[in-house]
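K.L.:
The structure under discussion is supplied below as structure tokens; questions concerning it will follow.
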4 protein chains.
Amino acid sequence: MVRTLKVAVSGLGRMGARHAINYFEKTPRAELVAVCDPNPETMAWAKGRFEGVAVYADFDEMLAHPGIEAVIISGITTEHAPQSIRAIKAGKHVLCEKPLSTDVQISQGVLDVAKQYPHLKVMTGFSRRFDQSYRNAWKKADAGDIGRPVVFRSQTCDKYRDDDYFIGYSKTSGSIFVDASVHDIDLALWFFGSDSVVKSVSAVGTCARYQGLKQYGDVDNGVGIVEFWSGKIAYFYACRMMAVGQHDMTEVIGTHGKLTINANPVHDLVEHHEATGIRREIAQTYWDRFEPAFIRESNEFTEAILDDKPLPFKLAGAVQSLQIGSYLQEALRTGKKLNFDEIGNRVPENLSKL
Amino acid sequence: MVRTLKVAVSGLGRMGARHAINYFEKTPRAELVAVCDPNPETMAWAKGRFEGVAVYADFDEMLAHPGIEAVIISGITTEHAPQSIRAIKAGKHVLCEKPLSTDVQISQGVLDVAKQYPHLKVMTGFSRRFDQSYRNAWKKADAGDIGRPVVFRSQTCDKYRDDDYFIGYSKTSGSIFVDASVHDIDLALWFFGSDSVVKSVSAVGTCARYQGLKQYGDVDNGVGIVEFWSGKIAYFYACRMMAVGQHDMTEVIGTHGKLTINANPVHDLVEHHEATGIRREIAQTYWDRFEPAFIRESNEFTEAILDDKPLPFKLAGAVQSLQIGSYLQEALRTGKKLNFDEIGNRVPENLSKL
Amino acid sequence: MVRTLKVAVSGLGRMGARHAINYFEKTPRAELVAVCDPNPETMAWAKGRFEGVAVYADFDEMLAHPGIEAVIISGITTEHAPQSIRAIKAGKHVLCEKPLSTDVQISQGVLDVAKQYPHLKVMTGFSRRFDQSYRNAWKKADAGDIGRPVVFRSQTCDKYRDDDYFIGYSKTSGSIFVDASVHDIDLALWFFGSDSVVKSVSAVGTCARYQGLKQYGDVDNGVGIVEFWSGKIAYFYACRMMAVGQHDMTEVIGTHGKLTINANPVHDLVEHHEATGIRREIAQTYWDRFEPAFIRESNEFTEAILDDKPLPFKLAGAVQSLQIGSYLQEALRTGKKLNFDEIGNRVPENLSKL
Amino acid sequence: MVRTLKVAVSGLGRMGARHAINYFEKTPRAELVAVCDPNPETMAWAKGRFEGVAVYADFDEMLAHPGIEAVIISGITTEHAPQSIRAIKAGKHVLCEKPLSTDVQISQGVLDVAKQYPHLKVMTGFSRRFDQSYRNAWKKADAGDIGRPVVFRSQTCDKYRDDDYFIGYSKTSGSIFVDASVHDIDLALWFFGSDSVVKSVSAVGTCARYQGLKQYGDVDNGVGIVEFWSGKIAYFYACRMMAVGQHDMTEVIGTHGKLTINANPVHDLVEHHEATGIRREIAQTYWDRFEPAFIRESNEFTEAILDDKPLPFKLAGAVQSLQIGSYLQEALRTGKKLNFDEIGNRVPENLSKL
């Protein structure tokens, strides 16, 4: 008999619902056994959508459901860390949507707990790590195709919206560098090495379309530079008003070549030749762009548990990326360039030097 | 309890094995219950790969396996038609890999039998019909985005091989227009309408790399034109020696615009900037290019049966496309242009006129 | 003192005016000394535009202008051959716009006269031969980058017009294969070798937007295949209704690679990211696409004369290309496939065989 | 008689020789009458290349050549300003290669002198301003196609060299932000408006391939951010080791769309389909990329003088761009973020705030 992993999903919002669907029908070695969401309408939807799956209003009740081996945490951000910790302590493997928290200390707390349960697989959802294009590029970089990677540029650009969604979202998401650029930071650490030590951080930003972001110290366009002691440089752009769609892209410049990922966004293989030119449509949402990566994430998380294989990246990276995102945010808000010594400790402003 | 479709797969060669895998783990509403293949090694492989699935050497024994509702026929081409007919007569839904046969009459025979079992879903595997890009393009054409489609160009180009594979393959595949261009012909009929009546057919070809194809009246590069009485024109190119990989592409030219599908092949989103230029890799095999289409095919075939919905295209189209492919083949072999009257009947050569 | 070539231009229509401008100010080693055009308005325009240049109404009077060494013939098509012959007989070098004539015999007549004056440079305006991209591609093919060229596909597609221009134009231009595809045929002979012997010719066409073309036996979309005895194949598409602009493109498929020229048309380096997608504009007219080629043509023609260097291609090629264009036209009009023996002689229809 | 402008060129190095050729034969309304260069070999070359043109070793002697109306200054950078000033004082129109000087004060000195001769056209060679693609993009931005421009990203990336050229070059070129990014800065001011006031400047850099650059405080990869009081942000990347060639590109992100210039570099229209993928070559040198822009520059400078039309941009912009380039350089060297008040005055470090 094929052994399947019994999985529960907490939180059935935009992302959670998709995780639940992926485990329900796109992860052959996993079995969705329980979900929870406090919203009665969502619960009703789940009962119809997931035949044979237990539906709970309460996380802890779900956690007590017999046989659950792994929990996907994808509810509101403020619950990510507490639920993750309770699940780990209950002996469950955990895949927690990013971020663990918008607060570095709280995120570190999850990491600390996870370290006490080394037999459990605990991962955060850096979906781009599962994207085939990023992986292909990484393999090439790792094989030396571009020499030594030196400069890393990456952007996360959301399609603009005519409503105030991004303003409300900013209240809890921890602002643009922490919410959006954190993906790019994680990628930079992947290509540069997780032992990269930050030397300096600068950032600027502006509210071009959503003035309401200012109340949260947030912006709709942010540019930041992270310099590492290895002599490598990463620079980032995050944007909430891209007209064309979701355009997340990366380039890695090495001493002997460059790799780009999604510099030319392609969503399908259709091109329109019309009176105004040749036109290509691109992905409109994050999900559209990364759906196959999310499915691969579900399958690889499942496989890592069932076959006791290492996860593709370490939980510590989530805290490290969040830390750098927070630095960028601080640099944005204070207008200061932040400096760090060779072991990554903050250099007080009046002592900072080259 | 979720109702799943019980599926059997006949033939576990290159394509059949992939079909079996798709039904085993990528088609949530289907359950693979039996497979058959005469090759002992393949049978052994199947036993290891498909836990809980019955493995037969003989097609008819498999057909008798209790509970089978649908059969996927993907063994050798000469068995496609006979196995399809036996499966239909046994009351099974059938998805038969293309072609039903390389012979038009035999293919028509399957169609004739299928007509007697109108409650059964019988489909042939025109995988490109399930490709998202072709579907997106078709929707746009159908919505009038390019005016009236007038000219259709389509190519099926396989990557070259250093061995003699294509020569051996030609022996049973029915030659390049029947084996490869049949996909493009089917697409032409999709965009132009299945009621399109052929007016004339011309074709030429050459053996540029595989001289051994000549013994089968086959070529490694073929170009053909099909003219329809509606004033529409389709022209095709098929090739067995494309250096860059599998490059199947299509363009549909309308009175007010053009749509291209895969004119710029993209396999992932990586671009290489290196000393010799900017380079992009493309799919190397048919499977690489169309894997998501095959998975969609499995799921939609399953859904059509379970929910009693119409199949996305008619079985008759397979015969129609094969007929046109055979005409191209005849035009190639005889060096003659073939002409047809307004109802599609062949015009004797000495009577042919404009 | 720098020696400059004294040039006269006959015919100041759309193309002629541009030739005159090119010789007036974009061909450093040439000097425009005289122009002629029967139209009084055009003459007036020329007097204002070309300071110091003699303006004639009559070709022969212009030809008698003292010191003229070379004549550019770009008036109406029916005058191309007679004026070329008179200019050659008057001892002038001649660059005659294509076609020499829409009639093969008349074109051959120019060639016959030119042969009697071997010291004169006589060339026809196959502008694409001067296009940098075609030249770069040819050099690569010639260097063996794609192995042996086997299949050649080329298209000439004009932007559609809302008026009846193309209908009136068809009356004298000799129809689409002779007027438009002749460029593609010339390119095919360039890449395949001018010693290529035609084996068969097929063609079809349709009037999709300009029904008025039918009265001239012409079409607005034509597809043709030319098979050579060398086993090489060229196929062509010509169109008068391309929505996006002037899209002339070519691909050369060899045994070990493929070269494309303008498969992805680029007119400038700007891309528009807008709500409907990523868009690129392309050249709208033949002139926009090939302007640098026309300028190079003027300069190289001048250089060939002043330095007594060979012209980049032979006049005989113009007759050869026109002949093939005429065959395509005949194949279109009669609905017949035309066949030829190994030395290029027409095979009577009832004797034609493989 | 056509009136032509009498032009002299000072300095026949890599760029100067090309300027001279452009005025000699690609600028119909100009006449090259004199050149100067202290190098005897270069002088000999010039005598052979430019028939009828006076060749001087000394700038001032050339300046005294009868009839000279305009002087192109393209010798060594340290002579740009002094020669420009002498030429202006001698009543000549001046096109001075960029930079006027690597020193802001010295550059300002040229501007001050030029102001005293308002009837003279004095321009610096910002070649990208004459590039058709930049102009097309600017027109679209100016027409509101992308809403309000907010974020500007631009890079100047030279192809790497195996020798030490860039190290020696750094000694006099004023380092990467002043020499290379100055073009991007000028473009930013063009798209954002020349009245943009700098609010902050940050920069980092690294020596990845040319360690010898460190002795000049220079880097081979530099990233900088310039924040403006208008809320607009420009960020720049400059690089001396791009494997693929000269890749200078720009994107302008507005509230309602984005324009890119050369995001997909195209040098000709050829694409290579080969076993390793589809490949496109790009321009290898700055000249290859911008040759048509240089020719347009010569022609428009000539036209502005002859027809007394305004130059396409103001000389003051050169000083403004250099100033910002110098700020970036200072930010790089000191590791400090520089801050400025609302009228652009430097804010002392200990007083800087948001």
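Identifiers for the structure tokens are assigned positionally: chains receive A, B, ... in sequence, residues are indexed from 1 per chain, and ligands are indexed from 1 in the order shown.
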Under the rule of at most 8 Å, produce a per-residue listing of chain B near chain C: chain, number, name, the closest pair of atoms, and the distance in Å, as CSV, using only C-alpha atoms.

P.N.:
```
residue,atom,partner,partner_atom,distance
B:Val150,CA,C:Ala208,CA,6.9
B:Val151,CA,C:Asn221,CA,7.8
B:Ser202,CA,C:Ser202,CA,7.1
B:Val204,CA,C:Glu227,CA,7.0
B:Gly205,CA,C:Ile233,CA,7.4
B:Thr206,CA,C:Gly231,CA,5.7
B:Cys207,CA,C:Gly231,CA,7.6
B:Ala208,CA,C:Thr255,CA,6.6
B:Arg209,CA,C:Thr255,CA,6.7
B:Asn221,CA,C:Val151,CA,7.8
B:Val223,CA,C:Ile225,CA,7.8
B:Ile225,CA,C:Val223,CA,7.8
B:Glu227,CA,C:Val204,CA,7.0
B:Gly231,CA,C:Thr206,CA,5.7
B:Lys232,CA,C:Thr206,CA,7.0
B:Ile233,CA,C:Gly205,CA,7.5
B:Tyr235,CA,C:Val223,CA,7.8
B:Met241,CA,C:Thr255,CA,6.7
B:Met242,CA,C:Gly257,CA,6.8
B:Ala243,CA,C:Gly257,CA,5.1
B:Val244,CA,C:Gly257,CA,7.1
B:Thr255,CA,C:Ala208,CA,6.6
B:His256,CA,C:Ala243,CA,5.6
B:Gly257,CA,C:Ala243,CA,5.0
B:Lys258,CA,C:Ala243,CA,7.4
B:Arg333,CA,C:Leu354,CA,7.9
B:Thr334,CA,C:Leu354,CA,6.2
B:Gly335,CA,C:Leu354,CA,5.3
B:Lys336,CA,C:Lys337,CA,7.1
B:Lys337,CA,C:Lys337,CA,6.0
B:Lys353,CA,C:Gly335,CA,6.7
B:Leu354,CA,C:Gly335,CA,5.3
```

K.L.:
Per residue of segment 217-289 of chain C within 12 Å of segment 1-17 of chain C, which atom pair is closest and at what distance in Å (one decimal), using only C-alpha atoms, listed by chain and increasing number, as a tab-separated table?

P.N.:
```
residue	atom	partner	partner_atom	distance
C:Thr285	CA	C:Arg14	CA	11.6
C:Tyr286	CA	C:Met15	CA	10.1
C:Trp287	CA	C:Met15	CA	8.4
C:Asp288	CA	C:Met15	CA	11.9
```

K.L.:
Store the residues of this selection in a file with N, CA and C atoms, as a PDB file, in the first residue's frame.

P.N.:
```
ATOM      1  N   THR C 285       6.503  50.468 -43.252  1.00  0.00           N
ATOM      2  CA  THR C 285       6.648  50.445 -44.715  1.00  0.00           C
ATOM      3  C   THR C 285       7.947  49.755 -45.115  1.00  0.00           C
ATOM      4  N   TYR C 286       7.984  49.404 -46.375  1.00  0.00           N
ATOM      5  CA  TYR C 286       9.183  48.788 -46.932  1.00  0.00           C
ATOM      6  C   TYR C 286      10.379  49.710 -46.749  1.00  0.00           C
ATOM      7  N   TRP C 287      10.161  50.964 -46.984  1.00  0.00           N
ATOM      8  CA  TRP C 287      11.248  51.916 -46.841  1.00  0.00           C
ATOM      9  C   TRP C 287      11.754  51.967 -45.405  1.00  0.00           C
ATOM     10  N   ASP C 288      10.843  52.040 -44.452  1.00  0.00           N
ATOM     11  CA  ASP C 288      11.249  52.063 -43.038  1.00  0.00           C
ATOM     12  C   ASP C 288      12.131  50.868 -42.712  1.00  0.00           C
TER      13      ASP C 288
END
```

K.L.:
Can you list every residue in segment 94-245 of chain C that DSSP puts in strand (DSSP E), as a ChimeraX atom specification?

P.N.:
/C:94-96,122-124,149-159,198-206,221-228,233-242

K.L.:
For C-alpha atoms, I'd like the residues from the last selection saved as a tab-separated table (two decimals), in the first residue's frame.

P.N.:
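And here's part26.tsv as it stands now:
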```
chain	number	residue	atom	x	y	z
C	94	VAL	CA	22.77	51.56	-64.75
C	95	LEU	CA	21.01	50.72	-61.52
C	96	CYS	CA	17.48	49.78	-62.49
C	122	VAL	CA	24.40	47.16	-64.68
C	123	MET	CA	22.50	46.14	-61.57
C	124	THR	CA	18.93	45.70	-60.46
C	149	PRO	CA	21.08	24.81	-46.32
C	150	VAL	CA	18.13	22.64	-47.27
C	151	VAL	CA	14.89	24.48	-46.69
C	152	PHE	CA	14.33	28.17	-47.25
C	153	ARG	CA	11.23	29.99	-46.10
C	154	SER	CA	10.70	33.64	-46.84
C	155	GLN	CA	7.83	36.05	-46.76
C	156	THR	CA	7.10	39.54	-47.99
C	157	CYS	CA	4.15	40.98	-46.13
C	158	ASP	CA	2.95	44.51	-46.68
C	159	LYS	CA	0.88	46.39	-44.17
C	198	VAL	CA	14.02	24.35	-60.56
C	199	LYS	CA	12.33	20.95	-60.47
C	200	SER	CA	8.76	21.91	-59.67
C	201	VAL	CA	6.63	24.92	-58.81
C	202	SER	CA	3.26	25.00	-57.03
C	203	ALA	CA	1.22	27.93	-55.77
C	204	VAL	CA	-2.15	28.87	-54.37
C	205	GLY	CA	-3.65	32.18	-53.38
C	206	THR	CA	-6.72	33.95	-52.16
C	221	ASN	CA	-2.29	36.23	-50.02
C	222	GLY	CA	-0.18	33.77	-51.94
C	223	VAL	CA	1.75	30.69	-50.92
C	224	GLY	CA	4.15	28.90	-53.23
C	225	ILE	CA	6.69	26.10	-53.19
C	226	VAL	CA	9.73	25.86	-55.42
C	227	GLU	CA	11.54	22.54	-55.46
C	228	PHE	CA	15.08	22.35	-56.81
C	233	ILE	CA	13.14	23.44	-51.12
C	234	ALA	CA	12.09	27.08	-50.97
C	235	TYR	CA	8.64	28.14	-49.93
C	236	PHE	CA	7.19	31.59	-49.98
C	237	TYR	CA	4.39	33.62	-48.55
C	238	ALA	CA	3.33	37.01	-49.85
C	239	CYS	CA	0.63	39.13	-48.28
C	240	ARG	CA	-0.90	42.57	-48.75
C	241	MET	CA	-2.86	42.79	-45.50
C	242	MET	CA	-0.51	42.35	-42.57
```

K.L.:
Any idea what's packed within 9 Å of segment 21-35 of chain C, counting only C-alpha atoms, ignoring anything in its chain fewer than 5 positions away? Could you give it as JSON, numbers by chain?

P.N.:
{"C": [2, 3, 4, 5, 6, 7, 8, 9, 10, 11, 12, 16, 43, 46, 49, 50, 52, 53, 54, 55, 56, 57, 59, 62, 63, 65, 67, 68, 294, 295, 296, 298, 299, 302, 303, 306], "D": [24, 25, 26, 27, 28, 29]}

K.L.:
Could you check how far atom CA of Ala70 of chain A sits from atom CA of Ser84 of chain A, in Å to one decimal?

P.N.:
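Separation of atom CA of Ala70 of chain A and atom CA of Ser84 of chain A: 10.7 Å.
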
K.L.:
Excluding Arg135 of chain C and any residue of its chain fewer than 4 positions from it, enumerate the residues within 12 Å of it, using only C-alpha atoms, and give them as a PyMOL selection string.

P.N.:
(chain C and resi 127-131+139-142+187+190-191+259-261+293+296+312) or (chain D and resi 268-270)

K.L.:
Show me, as an MDAnalysis selection string, the residues that have an atom within 9 Å of Asp308 of chain B when counting only C-alpha atoms, minus same-chain residues fewer than 3 positions from it.

P.N.:
chainID B and resid 119 121 303:305 311

K.L.:
May I have the residues within 12 Å of Val266 of chain C as a PDB file with C-alpha atoms, in the first residue's frame, using only C-alpha atoms and disregarding those fewer than 6 positions away in the same chain?

P.N.:
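Listing of result_10.pdb after writing:
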```pdb
ATOM      1  CA  GLY A 277       2.525  46.237 -32.727  1.00  0.00           C
ATOM      2  CA  ILE A 278       3.451  42.803 -31.506  1.00  0.00           C
TER       3      ILE A 278
ATOM      4  CA  SER C 133      21.102  41.316 -41.342  1.00  0.00           C
ATOM      5  CA  VAL C 244       1.170  44.918 -37.743  1.00  0.00           C
ATOM      6  CA  GLY C 245       3.239  46.499 -40.487  1.00  0.00           C
ATOM      7  CA  GLN C 246       5.830  45.500 -43.041  1.00  0.00           C
ATOM      8  CA  HIS C 247       6.942  42.068 -41.958  1.00  0.00           C
ATOM      9  CA  ASP C 248       9.429  40.576 -44.354  1.00  0.00           C
ATOM     10  CA  MET C 249      11.249  37.634 -42.864  1.00  0.00           C
ATOM     11  CA  ARG C 279       4.258  45.606 -26.952  1.00  0.00           C
ATOM     12  CA  ARG C 280       6.801  46.347 -29.615  1.00  0.00           C
ATOM     13  CA  GLU C 281       6.164  48.420 -32.712  1.00  0.00           C
ATOM     14  CA  ILE C 282       7.555  47.375 -36.062  1.00  0.00           C
ATOM     15  CA  ALA C 283       8.394  49.051 -39.369  1.00  0.00           C
ATOM     16  CA  GLN C 284       5.288  50.166 -41.195  1.00  0.00           C
ATOM     17  CA  ASP C 288      11.249  52.063 -43.038  1.00  0.00           C
ATOM     18  CA  ARG C 289      12.471  48.509 -42.919  1.00  0.00           C
TER      19      ARG C 289
ATOM     20  CA  SER D 133      14.977  54.641 -29.475  1.00  0.00           C
ATOM     21  CA  ASN D 262      17.249  48.175 -25.093  1.00  0.00           C
ATOM     22  CA  ASN D 264      16.400  43.214 -25.216  1.00  0.00           C
ATOM     23  CA  PRO D 265      19.477  44.269 -27.076  1.00  0.00           C
ATOM     24  CA  VAL D 266      19.266  43.767 -30.814  1.00  0.00           C
ATOM     25  CA  HIS D 267      22.172  44.480 -33.083  1.00  0.00           C
ATOM     26  CA  ASP D 268      20.899  42.917 -36.251  1.00  0.00           C
ATOM     27  CA  LEU D 269      17.805  40.875 -37.065  1.00  0.00           C
ATOM     28  CA  VAL D 270      19.508  37.502 -37.200  1.00  0.00           C
TER      29      VAL D 270
END
```

K.L.:
Could you state the separation of atom CA of Leu322 of chain B and atom CA of His80 of chain B in Å, given to one decimal place?

P.N.:
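We find that atom CA of Leu322 of chain B and atom CA of His80 of chain B lie 14.1 Å from each other.
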
K.L.:
Quick one: distance from atom CA of Asp186 of chain B to atom CA of Glu251 of chain B in Å, one decimal?

P.N.:
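Atom CA of Glu251 of chain B lies 13.8 Å from atom CA of Asp186 of chain B.
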